[in-house]
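final37.txt, holding compact mmCIF, C-alpha atoms:
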```txt
# COMPACT_ATOMS: atom_id res chain seq x y z
CA MET A 1 22.10 40.76 -56.41
CA ARG A 2 20.51 41.93 -53.18
CA LYS A 3 17.15 40.55 -54.30
CA TRP A 4 18.70 37.20 -55.12
CA GLY A 5 20.44 37.15 -51.73
CA ILE A 6 17.16 37.75 -49.90
CA LEU A 7 15.46 35.00 -51.91
CA ILE A 8 18.22 32.48 -51.10
CA VAL A 9 18.01 33.28 -47.36
CA ALA A 10 14.21 32.82 -47.41
CA LEU A 11 14.49 29.44 -49.13
CA MET A 12 17.06 28.32 -46.55
CA MET A 13 14.68 29.30 -43.70
CA VAL A 14 11.81 27.32 -45.24
CA SER A 15 14.05 24.24 -45.48
CA VAL A 16 15.07 24.54 -41.81
CA LEU A 17 11.46 24.92 -40.65
CA ALA A 18 10.39 21.91 -42.73
CA ALA A 19 13.14 19.80 -41.18
CA CYS A 20 12.05 20.86 -37.69
CA GLY A 21 8.47 19.89 -38.50
CA GLN A 22 9.56 16.45 -39.65
CA ASN A 23 11.56 15.88 -36.43
CA LYS A 24 8.58 16.94 -34.32
CA ASN A 25 6.26 14.54 -36.15
CA ALA A 26 8.77 11.74 -35.73
CA GLY A 27 8.76 12.30 -31.97
CA THR A 28 4.95 12.14 -31.85
CA GLY A 29 5.02 8.93 -33.82
CA ASN A 30 7.13 7.25 -31.12
CA ALA A 31 4.80 8.25 -28.26
CA PRO A 32 2.18 5.53 -28.78
CA ALA A 33 4.90 2.84 -28.59
CA LYS A 34 5.95 4.09 -25.17
CA GLN A 35 2.34 4.11 -23.98
CA GLY A 36 1.88 0.60 -25.29
CA ASN A 37 4.88 -0.66 -23.31
CA ALA A 38 3.50 0.91 -20.12
CA ALA A 39 0.17 -0.81 -20.68
CA GLU A 40 1.89 -4.15 -21.14
CA ALA A 41 3.77 -3.68 -17.89
CA ASN A 42 0.44 -3.39 -16.03
CA GLN A 43 -1.17 -6.51 -17.46
CA GLY A 44 -0.32 -8.66 -14.42
CA THR A 45 2.62 -9.73 -12.30
CA ALA A 46 2.19 -13.35 -13.32
CA ASP A 47 2.66 -12.58 -17.01
CA THR A 48 5.39 -9.89 -17.04
CA GLY A 49 7.17 -9.98 -13.70
CA ASN A 50 7.22 -6.15 -13.85
CA ALA A 51 3.68 -5.26 -12.85
CA LYS A 52 2.74 -2.77 -10.19
CA LYS A 53 -0.40 -4.69 -9.28
CA LEU A 54 -0.92 -8.25 -8.00
CA ILE A 55 -4.47 -9.50 -8.64
CA ILE A 56 -5.58 -12.32 -6.34
CA GLY A 57 -8.77 -14.34 -6.71
CA MET A 58 -10.69 -15.33 -3.58
CA SER A 59 -14.14 -16.55 -2.62
CA ALA A 60 -14.67 -14.33 0.40
CA ASP A 61 -17.30 -16.40 2.17
CA PHE A 62 -14.89 -18.64 4.04
CA PRO A 63 -14.12 -17.32 7.55
CA PRO A 64 -11.50 -17.20 8.97
CA TYR A 65 -9.68 -17.60 5.62
CA GLU A 66 -11.42 -14.73 3.82
CA PHE A 67 -14.66 -12.94 4.64
CA HIS A 68 -16.38 -9.56 4.53
CA ILE A 69 -16.64 -7.12 7.44
CA LYS A 70 -17.58 -3.48 7.95
CA ASN A 71 -14.42 -1.63 8.91
CA GLU A 72 -14.17 1.35 11.29
CA LYS A 73 -15.26 3.68 8.48
CA GLY A 74 -18.34 1.57 7.83
CA GLU A 75 -16.93 0.38 4.51
CA ASP A 76 -17.00 -3.19 3.25
CA GLU A 77 -13.61 -4.88 3.57
CA ILE A 78 -12.33 -8.38 2.83
CA VAL A 79 -10.21 -9.74 5.68
CA GLY A 80 -8.87 -13.09 6.87
CA PHE A 81 -5.58 -14.92 7.15
CA ASP A 82 -5.46 -15.70 3.42
CA VAL A 83 -5.71 -11.93 2.92
CA ASP A 84 -2.81 -11.40 5.33
CA ILE A 85 -0.73 -13.90 3.36
CA ALA A 86 -1.69 -12.17 0.09
CA LYS A 87 -0.49 -8.84 1.51
CA GLU A 88 2.89 -10.36 2.38
CA ILE A 89 3.31 -11.82 -1.12
CA ALA A 90 2.45 -8.47 -2.69
CA LYS A 91 4.91 -6.71 -0.37
CA ASP A 92 7.72 -9.10 -1.31
CA LEU A 93 6.95 -8.52 -4.99
CA GLY A 94 6.81 -4.74 -4.55
CA ALA A 95 3.27 -4.76 -5.96
CA GLU A 96 -0.07 -3.21 -5.07
CA LEU A 97 -2.60 -5.85 -3.97
CA GLU A 98 -6.01 -6.14 -5.63
CA ILE A 99 -8.50 -8.78 -4.45
CA LYS A 100 -11.21 -10.08 -6.76
CA ASP A 101 -14.09 -11.73 -4.92
CA MET A 102 -15.78 -14.43 -7.01
CA ILE A 103 -17.48 -17.79 -6.67
CA PHE A 104 -15.14 -20.61 -5.69
CA ASP A 105 -16.04 -22.70 -8.73
CA SER A 106 -14.68 -20.07 -11.14
CA LEU A 107 -11.34 -19.34 -9.46
CA LEU A 108 -9.08 -21.73 -11.36
CA ASN A 109 -10.59 -20.77 -14.73
CA GLU A 110 -9.90 -17.12 -13.92
CA LEU A 111 -6.31 -18.05 -13.08
CA GLU A 112 -5.86 -20.04 -16.29
CA SER A 113 -7.20 -17.14 -18.36
CA GLY A 114 -4.79 -14.67 -16.75
CA ARG A 115 -7.54 -12.49 -15.28
CA VAL A 116 -6.06 -13.12 -11.83
CA ASP A 117 -2.40 -13.72 -10.95
CA LEU A 118 -2.91 -16.05 -7.97
CA VAL A 119 -5.69 -17.95 -6.22
CA ILE A 120 -5.61 -17.94 -2.41
CA SER A 121 -8.87 -19.33 -1.08
CA GLY A 122 -8.55 -22.41 1.13
CA LEU A 123 -7.43 -24.38 -1.94
CA SER A 124 -6.68 -28.07 -1.41
CA PRO A 125 -3.91 -29.70 -3.51
CA THR A 126 -5.92 -32.33 -5.37
CA PRO A 127 -4.39 -34.20 -8.36
CA GLU A 128 -7.06 -32.71 -10.63
CA ARG A 129 -6.15 -29.17 -9.65
CA ALA A 130 -2.44 -29.89 -10.06
CA LYS A 131 -3.12 -30.75 -13.72
CA GLN A 132 -4.89 -27.44 -14.27
CA VAL A 133 -2.59 -25.02 -12.39
CA ASP A 134 0.68 -25.06 -10.48
CA LEU A 135 0.38 -25.34 -6.69
CA SER A 136 2.55 -23.90 -3.95
CA GLN A 137 3.76 -25.74 -0.88
CA ILE A 138 1.18 -26.40 1.84
CA TYR A 139 0.92 -23.38 4.14
CA TYR A 140 -1.79 -24.58 6.54
CA LYS A 141 -3.50 -27.83 7.53
CA ALA A 142 -6.94 -28.28 9.03
CA GLU A 143 -9.37 -31.12 9.65
CA GLN A 144 -12.84 -31.38 8.14
CA SER A 145 -16.03 -31.18 10.19
CA VAL A 146 -19.66 -32.27 9.96
CA VAL A 147 -22.19 -29.70 11.19
CA SER A 148 -25.82 -30.38 12.05
CA LEU A 149 -28.66 -28.75 13.96
CA THR A 150 -27.78 -28.87 17.64
CA GLU A 151 -30.88 -30.95 18.39
CA ASN A 152 -29.66 -33.63 15.95
CA LYS A 153 -25.99 -33.59 16.91
CA ASP A 154 -26.03 -36.99 18.66
CA LYS A 155 -27.46 -38.67 15.55
CA TYR A 156 -24.22 -38.13 13.64
CA ALA A 157 -21.44 -39.75 15.65
CA SER A 158 -19.62 -41.31 12.68
CA MET A 159 -19.33 -41.02 8.92
CA GLU A 160 -21.42 -44.19 8.62
CA SER A 161 -24.30 -42.32 10.24
CA LEU A 162 -24.37 -39.96 7.25
CA GLU A 163 -25.41 -42.71 4.84
CA GLY A 164 -28.62 -41.78 3.03
CA THR A 165 -28.67 -38.23 4.44
CA LYS A 166 -28.99 -34.90 2.67
CA ILE A 167 -25.58 -33.20 2.75
CA GLY A 168 -24.77 -29.57 2.00
CA VAL A 169 -21.33 -28.73 0.57
CA GLN A 170 -19.56 -25.98 -1.34
CA LYS A 171 -19.47 -26.56 -5.08
CA SER A 172 -16.14 -27.87 -6.46
CA SER A 173 -14.66 -28.09 -2.94
CA ILE A 174 -12.79 -30.92 -1.26
CA GLN A 175 -15.87 -31.30 0.97
CA GLU A 176 -17.99 -32.03 -2.09
CA GLY A 177 -15.56 -34.83 -2.94
CA ILE A 178 -15.89 -36.26 0.57
CA ALA A 179 -19.69 -36.16 0.43
CA LYS A 180 -19.70 -38.06 -2.87
CA THR A 181 -18.12 -41.04 -1.10
CA VAL A 182 -20.99 -41.31 1.42
CA PRO A 183 -23.32 -44.16 0.31
CA GLY A 184 -26.82 -43.04 -0.60
CA ALA A 185 -26.18 -39.39 0.27
CA LYS A 186 -28.07 -36.67 -1.60
CA LEU A 187 -25.85 -33.66 -2.22
CA THR A 188 -26.79 -30.01 -2.33
CA SER A 189 -23.79 -28.18 -3.81
CA LEU A 190 -23.86 -24.39 -3.49
CA ASN A 191 -21.38 -21.60 -4.16
CA LYS A 192 -21.50 -19.88 -0.76
CA ILE A 193 -20.95 -21.38 2.70
CA SER A 194 -23.54 -19.01 4.16
CA ASP A 195 -26.15 -20.43 1.79
CA ILE A 196 -25.25 -23.98 2.88
CA VAL A 197 -25.75 -22.99 6.52
CA MET A 198 -29.13 -21.48 5.63
CA GLN A 199 -30.09 -24.78 3.98
CA LEU A 200 -29.11 -26.56 7.20
CA LYS A 201 -31.05 -24.16 9.41
CA SER A 202 -34.17 -24.53 7.26
CA GLY A 203 -33.99 -28.34 7.25
CA ARG A 204 -33.37 -28.66 3.53
CA VAL A 205 -30.16 -30.57 4.31
CA ASP A 206 -29.45 -32.79 7.33
CA VAL A 207 -25.77 -31.94 7.71
CA ALA A 208 -23.08 -29.81 6.13
CA ILE A 209 -19.46 -30.82 5.61
CA LEU A 210 -17.19 -27.83 6.18
CA GLU A 211 -13.51 -27.17 6.74
CA GLY A 212 -12.75 -27.22 10.50
CA PRO A 213 -12.01 -23.53 11.27
CA VAL A 214 -14.83 -22.45 8.94
CA ALA A 215 -17.26 -24.74 10.76
CA GLY A 216 -16.05 -23.38 14.09
CA SER A 217 -16.61 -19.80 12.95
CA PHE A 218 -20.18 -20.44 11.79
CA VAL A 219 -21.09 -22.44 14.90
CA LYS A 220 -20.02 -19.53 17.09
CA ASN A 221 -22.00 -17.03 15.04
CA VAL A 222 -25.16 -18.97 14.09
CA GLU A 223 -27.48 -20.13 16.82
CA GLY A 224 -28.78 -23.68 16.76
CA ILE A 225 -26.01 -25.50 14.88
CA SER A 226 -23.16 -27.64 16.25
CA ILE A 227 -20.15 -29.65 15.14
CA THR A 228 -20.87 -33.38 15.38
CA ASP A 229 -18.53 -36.27 16.30
CA ALA A 230 -18.42 -37.51 12.69
CA LYS A 231 -14.91 -36.97 11.32
CA PRO A 232 -14.34 -36.91 7.54
CA VAL A 233 -10.94 -38.24 6.46
CA THR A 234 -9.13 -37.00 3.36
CA ASP A 235 -5.59 -37.04 1.99
CA ASP A 236 -5.93 -33.40 0.86
CA GLU A 237 -6.26 -31.55 4.14
CA GLY A 238 -3.52 -29.01 3.46
CA TYR A 239 -4.04 -25.69 1.73
CA VAL A 240 -1.99 -24.21 -1.11
CA ILE A 241 -1.83 -21.21 -3.43
CA GLY A 242 -2.70 -21.60 -7.11
CA VAL A 243 -0.30 -20.20 -9.72
CA LYS A 244 -0.76 -20.14 -13.49
CA LYS A 245 0.69 -23.26 -15.10
CA GLY A 246 4.33 -22.93 -16.09
CA ASN A 247 5.00 -19.67 -14.24
CA LYS A 248 7.96 -20.97 -12.23
CA GLU A 249 9.24 -17.51 -11.33
CA MET A 250 5.97 -16.60 -9.63
CA LEU A 251 5.73 -20.02 -7.95
CA ASP A 252 9.25 -19.63 -6.54
CA GLN A 253 8.43 -16.15 -5.24
CA VAL A 254 5.24 -17.38 -3.58
CA ASN A 255 7.03 -20.31 -1.94
CA ALA A 256 9.80 -18.00 -0.69
CA THR A 257 7.21 -15.80 1.04
CA LEU A 258 5.46 -18.85 2.51
CA ASP A 259 8.78 -20.21 3.79
CA ARG A 260 9.37 -16.95 5.64
CA LEU A 261 5.84 -16.80 7.10
CA ILE A 262 5.92 -20.42 8.25
CA LYS A 263 9.38 -20.19 9.83
CA ASP A 264 8.76 -16.95 11.75
CA GLY A 265 5.34 -18.08 13.02
CA SER A 266 3.42 -15.39 11.12
CA ILE A 267 0.82 -17.78 9.67
CA ASP A 268 -0.15 -19.10 13.11
CA LYS A 269 -0.49 -15.46 14.24
CA PHE A 270 -2.61 -14.61 11.18
CA VAL A 271 -4.91 -17.60 11.85
CA ALA A 272 -5.42 -16.61 15.50
CA GLU A 273 -6.17 -12.97 14.64
CA ALA A 274 -8.53 -13.85 11.79
CA SER A 275 -10.39 -16.41 13.92
CA ALA A 276 -10.90 -13.82 16.68
CA LEU A 277 -12.14 -11.29 14.12
CA ALA A 278 -14.55 -13.82 12.60
CA GLU A 279 -16.10 -14.44 16.03
CA LYS A 280 -17.01 -10.75 16.27
CA LYS A 281 -18.56 -10.73 12.83
```
Kindly transcribe the structure held in the file into structure tokens.
Amino acid sequence: MRKWGILIVALMMVSVLAACGQNKNAGTGNAPAKQGNAAEANQGTADTGNAKKLIIGMSADFPPYEFHIKNEKGEDEIVGFDVDIAKEIAKDLGAELEIKDMIFDSLLNELESGRVDLVISGLSPTPERAKQVDLSQIYYKAEQSVVSLTENKDKYASMESLEGTKIGVQKSSIQEGIAKTVPGAKLTSLNKISDIVMQLKSGRVDVAILEGPVAGSFVKNVEGISITDAKPVTDDEGYVIGVKKGNKEMLDQVNATLDRLIKDGSIDKFVAEASALAEKK
């Protein structure tokens, strides 16, 4: 009887251990699901509304909107008043800001694909862009400018004087659209504003059409170029933020931040500070 009792106790212990092993394996099986949910939460604020990171696309060759500097540590840093606005949006969302610097022509495609959550890069609200992405309210307005070599400044007193000239513009920009309306003009469309200015300095183009504050920044920093009296006119002089099509929650959040920054005068302050910083560049 004693032997049978010992055998029964041993069998009971084996059963208990087996049950514990099954429970442990079941817990391990649930772990990947939890990891998967965490990964989904970090895919982007625009898609989930729960992300810890806000990814913003910019073309950082557009002072004073966004441009590169060497900070006090000697490190490369993207600054500008669009960057200041981006920081405020991220703060209101409780998200960490990440800026992706890319060519202007690719920004909206990156937004459509979900690789960036917002586009803040001196974006004009054209009808074509409104079909592709959703656009925020206008947060800043600026005039357009025509820049030439200083020695040729007096030659370009009106838009009519640009007829038949070689014009440098940024690819896919509102300025490119303006240049296309100039009779007989030959366009050189490039991705970077700095490259357009180099084309102007070397004589490969006669003039460049640039956004007003951008033109002012380059004129102050590049010797031998000036803003002319020619004044381009366009219906799309305001600037907006691009949001992925159909993401109303994000659009509302962006507009709420812009409302606050416009009403308390922060955007004007950001513009002044960024313009002063661009002059020291």
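Near Asp235 (chain A), within 12 Å and counting only C-alpha atoms, sit Ser124, Pro125, Thr126, Pro127, Lys141, Ala142, Glu143, Gln144, Ile174, Gln175, Gly177, Ile178, Pro232, Gly238 and Tyr239 of chain A, not including residues fewer than 3 positions from it in the same chain.
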Note to self: Could you list, as a list in words, every residue within 8 Å of Leu200 (chain A), counting all atoms listed in the file and ignoring same-chain residues fewer than 4 positions away?
What the structure shows: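 The residues that qualify are Ser148, Leu149, Gly168, Ile196, Arg204, Val205, Asp206, Val207 and Ala208 of chain A.
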Next item on the list: Mind checking which residues fall within 12 Å of region 100-106 of chain A, counting all atoms listed in the file, ignoring those fewer than 6 positions away in the same chain, and posting them as a PyMOL selection string?
Entry: chain A and resi 54-62+66-68+77-79+83+86+112-113+115-123+129+169-174+176+189-193
Only C-alpha atoms, please: the residues just picked out, written as a tab-separated table (two decimals), in the frame of the given file.
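What ended up in out-v3.tsv:
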```
chain	number	residue	atom	x	y	z
A	54	LEU	CA	-0.92	-8.25	-8.00
A	55	ILE	CA	-4.47	-9.50	-8.64
A	56	ILE	CA	-5.58	-12.32	-6.34
A	57	GLY	CA	-8.77	-14.34	-6.71
A	58	MET	CA	-10.69	-15.33	-3.58
A	59	SER	CA	-14.14	-16.55	-2.62
A	60	ALA	CA	-14.67	-14.33	0.40
A	61	ASP	CA	-17.30	-16.40	2.17
A	62	PHE	CA	-14.89	-18.64	4.04
A	66	GLU	CA	-11.42	-14.73	3.82
A	67	PHE	CA	-14.66	-12.94	4.64
A	68	HIS	CA	-16.38	-9.56	4.53
A	77	GLU	CA	-13.61	-4.88	3.57
A	78	ILE	CA	-12.33	-8.38	2.83
A	79	VAL	CA	-10.21	-9.74	5.68
A	83	VAL	CA	-5.71	-11.93	2.92
A	86	ALA	CA	-1.69	-12.17	0.09
A	112	GLU	CA	-5.86	-20.04	-16.29
A	113	SER	CA	-7.20	-17.14	-18.36
A	115	ARG	CA	-7.54	-12.49	-15.28
A	116	VAL	CA	-6.06	-13.12	-11.83
A	117	ASP	CA	-2.40	-13.72	-10.95
A	118	LEU	CA	-2.91	-16.05	-7.97
A	119	VAL	CA	-5.69	-17.95	-6.22
A	120	ILE	CA	-5.61	-17.94	-2.41
A	121	SER	CA	-8.87	-19.33	-1.08
A	122	GLY	CA	-8.55	-22.41	1.13
A	123	LEU	CA	-7.43	-24.38	-1.94
A	129	ARG	CA	-6.15	-29.17	-9.65
A	169	VAL	CA	-21.33	-28.73	0.57
A	170	GLN	CA	-19.56	-25.98	-1.34
A	171	LYS	CA	-19.47	-26.56	-5.08
A	172	SER	CA	-16.14	-27.87	-6.46
A	173	SER	CA	-14.66	-28.09	-2.94
A	174	ILE	CA	-12.79	-30.92	-1.26
A	176	GLU	CA	-17.99	-32.03	-2.09
A	189	SER	CA	-23.79	-28.18	-3.81
A	190	LEU	CA	-23.86	-24.39	-3.49
A	191	ASN	CA	-21.38	-21.60	-4.16
A	192	LYS	CA	-21.50	-19.88	-0.76
A	193	ILE	CA	-20.95	-21.38	2.70
```
Item checked: All residues 12 Å or closer to Asp154 (chain A), only C-alpha atoms, same chain fewer than 6 positions away omitted, as JSON, numbers by chain -> {"A": [146, 147, 148, 161, 162, 226, 227, 228, 229, 230]}
Next item on the list: One decimal, Å: what's the distance from CA of Lys87 (chain A) over to CA of Asn221 (chain A), could you say?
Entry: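 For CA of Lys87 (chain A) relative to CA of Asn221 (chain A), the distance reads 26.7 Å.
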Check: Leaving out region 244-261 of chain A and any residue of its chain fewer than 2 positions from it, which residues lie within 8 Å of it when counting all atoms listed in the file, given as a list of chain:residue names?
Finding: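 Counting only the stated atoms, we get A:Ala46, A:Asp47, A:Gly49, A:Ile85, A:Glu88, A:Ile89, A:Asp92, A:Leu93, A:Leu111, A:Glu112, A:Gly114, A:Asp117, A:Leu118, A:Gln132, A:Val133, A:Asp134, A:Leu135, A:Ser136, A:Gln137, A:Tyr139, A:Gly242, A:Lys263, A:Asp264, A:Gly265, A:Ser266, A:Ile267.
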